[in-house]
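Novice: Got a structure for you, written out below as structure tokens; questions coming shortly.
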Amino acid sequence: AVVDVGPQRAASLPASVAEAGGVAKWNAQNADLSRLQVMLDGMCRATTVDEALAEVNAVMSMGHNLWAYAYMRTLYKKLPEVYYGCLLAKPAMLLPVVYTPTVGEACQKFGQMPLPRRGCYIALKDKGNVKSVIEEYAAAELKKDADGKYLCDCIVFSDGGRILGLGDLGTWGMGIPIGKLDLYTVCAGVNPYRTMPVIIDAGCTAADGNAD
């Protein structure tokens, strides 16, 4: 199976994911997540835009776009250029899959799907230390210009508190900033490799209101 690779992060991950040793180990330690990843990797075999469009169209023919959302997230992990090529080729078909309305259910089940590397998580414990958390994410996920400055044109952040009227979803709300940045890429030409999706997990309710 394909696994996410890249520089190790700790401060910019959810605490439980960091404690597990990172995204790949988090996904591997849970039997359901590990098996889902194998299934999704097997489903996503495309190497070109045309092949990927054929695959996601077949998934969408089942009538439940949550699987199509999971397919597209897997395609992003494997081949981000093909992922964005698909969105640009068929925006009317795929933006409702990677963003609203499908993203609402995706956020409700975000922690029950294989976790992606993409996304910076800021928690209450990071008060006074937010800059270093963002810098850790930038060091791992963004490129630098000739002057050594990180190339970031757009940051979308959410506290996960009012996602489509679903209440406080905490870190599971990461689907919103990810999806909104994809919308900006398709509709406004924002360079997707110069973006940062951020969740501020401040807790809009008590722990029993946003914990699995």
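Ordered as shown in the structure tokens, chains take letters A, B, and onward, while each chain numbers its residues from 1 and ligands are numbered from 1 in the order shown.
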Skip Cys107 of chain A itself and residues of its chain fewer than 5 positions away, then list as a ChimeraX atom specification all residues within 12 Å of it, counting only C-alpha atoms.

Specialist: /A:66,69-70,98-102,112-113,115,160-179,210

Novice: For segment 81-88 of chain A, find every residue with an atom within 8 Å (counting only C-alpha atoms), except residues of its own chain fewer than 4 positions away, and show them as a list in words.

Specialist: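 Returned residues: Thr47, Thr48, Val49, Asp50, Ala52, Leu53, Met72, Leu75, Tyr76, Leu94, Leu95 and Val186 of chain A.
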
Novice: Output as a VMD selection string all residues of segment 46-187 of chain A that backbone DSSP marks as helix (DSSP H, G or I).

Specialist: chain A and resid 49 to 60 65 to 78 80 to 89 91 to 98 102 to 108 110 to 112 124 to 126 130 to 141 170 to 187

Novice: Of the residues A:Ala106, A:Ile199, A:Pro14, A:Arg73, which is the one nearest to Met43 of chain A, using only C-alpha atoms?

Specialist: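 Among the listed residues, the smallest separation from Met43 of chain A belongs to A:Arg73.
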
Novice: Can you pull out the residues contacting Cys152 of chain A? Cut-off 12 Å, using only C-alpha atoms, and skip same-chain residues under 6 positions away; I want them as a list in words.

Specialist: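 With the cut-off at 12 Å, the set is Ile134, Glu135, Tyr137, Ala138, Ala139, Glu141, Leu142, Lys143, Lys144, Asp145, Val190, Asn191, Pro192, Tyr193, Arg194, Thr195, Met196 and Pro197 of chain A.
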
Novice: Measure the distance from atom CA of Cys44 of chain A to atom CA of Tyr121 of chain A in Å and round it to one decimal.

Specialist: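 Computing the Euclidean distance for atom CA of Cys44 of chain A and atom CA of Tyr121 of chain A yields 27.2 Å.
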
Novice: Identify which of the residues A:Leu181, A:Ala20, A:Ile200, A:Leu40 lies closest to Lys77 of chain A, counting only C-alpha atoms when measuring atom-to-atom distances.

Specialist: A:Leu40

Novice: What does the distance from atom CA of Glu105 of chain A to atom CA of Ile155 of chain A come to in Å, to one decimal?

Specialist: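 According to the coordinates, atom CA of Glu105 of chain A and atom CA of Ile155 of chain A are separated by 23.0 Å.
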
Novice: From the list A:Ser12, A:Gly22, A:Pro7, A:Val56, which residue is nearest Ser132 of chain A when using only C-alpha atoms?

Specialist: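 That would be A:Ser12, the residue with the smallest distance to Ser132 of chain A.
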
Novice: Point out the residue among A:Val103, A:Lys109, A:Asp201, A:Lys78 with the least atom-to-atom distance to Lys127 of chain A, counting only C-alpha atoms.

Specialist: A:Asp201

Novice: Using only C-alpha atoms, can you tell me which of A:Val97, A:Leu151, A:Leu124, A:Ala92 comes closest to Ala68 of chain A?

Specialist: A:Val97

Novice: If we count only C-alpha atoms, what is near segment 23-29 of chain A at a cut-off of 12 Å, once residues fewer than 4 positions away on the same chain are taken out, given as a ChimeraX atom specification?

Specialist: /A:1-10,12-19,33-38,77,111-119

Novice: Include N, CA and C atoms and write out the residues we just selected as a short mmCIF file (atom, residue, chain, number, x, y, z; two decimals), in the first residue's frame.

Specialist:
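Generated output (part.cif):
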```
data_model
loop_
_atom_site.label_atom_id
_atom_site.label_comp_id
_atom_site.auth_asym_id
_atom_site.auth_seq_id
_atom_site.Cartn_x
_atom_site.Cartn_y
_atom_site.Cartn_z
N ALA A 1 0.83 -1.19 0.00
CA ALA A 1 0.00 0.00 0.00
C ALA A 1 0.87 1.25 0.00
N VAL A 2 0.34 2.31 -0.58
CA VAL A 2 1.04 3.59 -0.58
C VAL A 2 0.86 4.24 0.77
N VAL A 3 1.93 4.78 1.33
CA VAL A 3 1.84 5.48 2.61
C VAL A 3 2.34 6.89 2.43
N ASP A 4 1.85 7.80 3.26
CA ASP A 4 2.30 9.17 3.20
C ASP A 4 3.73 9.25 3.71
N VAL A 5 4.57 9.94 2.96
CA VAL A 5 5.94 10.13 3.39
C VAL A 5 6.24 11.62 3.39
N GLY A 6 7.22 11.99 4.19
CA GLY A 6 7.58 13.40 4.27
C GLY A 6 8.22 13.66 5.63
N PRO A 7 8.67 14.88 5.84
CA PRO A 7 9.29 15.23 7.13
C PRO A 7 8.34 14.97 8.29
N GLN A 8 8.90 14.52 9.40
CA GLN A 8 8.10 14.24 10.59
C GLN A 8 7.58 15.54 11.20
N ARG A 9 6.34 15.50 11.66
CA ARG A 9 5.75 16.62 12.38
C ARG A 9 5.24 16.11 13.72
N ALA A 10 5.09 17.02 14.67
CA ALA A 10 4.55 16.66 15.98
C ALA A 10 3.61 17.75 16.46
N SER A 12 2.22 20.24 14.93
CA SER A 12 1.15 20.64 14.03
C SER A 12 0.19 19.50 13.69
N LEU A 13 0.29 18.39 14.41
CA LEU A 13 -0.63 17.27 14.27
C LEU A 13 -1.56 17.21 15.48
N PRO A 14 -2.72 16.55 15.35
CA PRO A 14 -3.52 16.30 16.55
C PRO A 14 -2.67 15.53 17.57
N ALA A 15 -2.86 15.81 18.84
CA ALA A 15 -1.99 15.24 19.88
C ALA A 15 -1.93 13.71 19.82
N SER A 16 -3.09 13.08 19.61
CA SER A 16 -3.11 11.61 19.60
C SER A 16 -2.36 11.05 18.40
N VAL A 17 -2.38 11.77 17.28
CA VAL A 17 -1.66 11.33 16.08
C VAL A 17 -0.16 11.49 16.30
N ALA A 18 0.24 12.60 16.90
CA ALA A 18 1.66 12.82 17.20
C ALA A 18 2.17 11.75 18.16
N GLU A 19 1.37 11.40 19.16
CA GLU A 19 1.76 10.39 20.14
C GLU A 19 1.93 9.02 19.49
N LEU A 33 -8.87 1.54 9.84
CA LEU A 33 -8.21 2.54 9.00
C LEU A 33 -7.21 1.89 8.05
N SER A 34 -6.46 0.92 8.57
CA SER A 34 -5.48 0.24 7.75
C SER A 34 -6.13 -0.51 6.60
N ARG A 35 -7.22 -1.20 6.89
CA ARG A 35 -7.93 -1.94 5.85
C ARG A 35 -8.59 -1.01 4.85
N LEU A 36 -9.17 0.09 5.34
CA LEU A 36 -9.76 1.08 4.43
C LEU A 36 -8.71 1.65 3.49
N GLN A 37 -7.51 1.90 4.02
CA GLN A 37 -6.45 2.44 3.17
C GLN A 37 -6.09 1.47 2.07
N VAL A 38 -6.00 0.18 2.40
CA VAL A 38 -5.71 -0.83 1.38
C VAL A 38 -6.81 -0.85 0.32
N LYS A 77 -3.45 12.11 -2.36
CA LYS A 77 -2.28 11.57 -1.67
C LYS A 77 -1.29 10.96 -2.68
N GLY A 111 -12.46 11.35 11.14
CA GLY A 111 -11.58 10.53 11.95
C GLY A 111 -11.77 9.04 11.76
N GLN A 112 -12.79 8.65 10.99
CA GLN A 112 -13.03 7.25 10.69
C GLN A 112 -12.51 6.87 9.31
N MET A 113 -11.87 7.85 8.65
CA MET A 113 -11.22 7.60 7.37
C MET A 113 -9.72 7.77 7.56
N PRO A 114 -8.91 7.17 6.68
CA PRO A 114 -7.46 7.37 6.79
C PRO A 114 -7.12 8.86 6.82
N LEU A 115 -6.30 9.25 7.79
CA LEU A 115 -5.96 10.66 7.98
C LEU A 115 -4.94 11.10 6.94
N PRO A 116 -5.16 12.25 6.29
CA PRO A 116 -4.16 12.75 5.34
C PRO A 116 -3.07 13.56 6.04
N ARG A 117 -1.92 13.70 5.39
CA ARG A 117 -0.86 14.56 5.93
C ARG A 117 -1.29 16.02 5.91
N ARG A 118 -2.05 16.39 4.89
CA ARG A 118 -2.40 17.79 4.69
C ARG A 118 -3.22 18.32 5.85
N GLY A 119 -2.81 19.45 6.40
CA GLY A 119 -3.57 20.07 7.47
C GLY A 119 -2.74 20.36 8.70
#
```

Novice: Considering only C-alpha atoms, can you say which of A:Glu136, A:Thr74, A:Tyr184, A:Ser61 comes closest to Tyr150 of chain A?

Specialist: A:Glu136
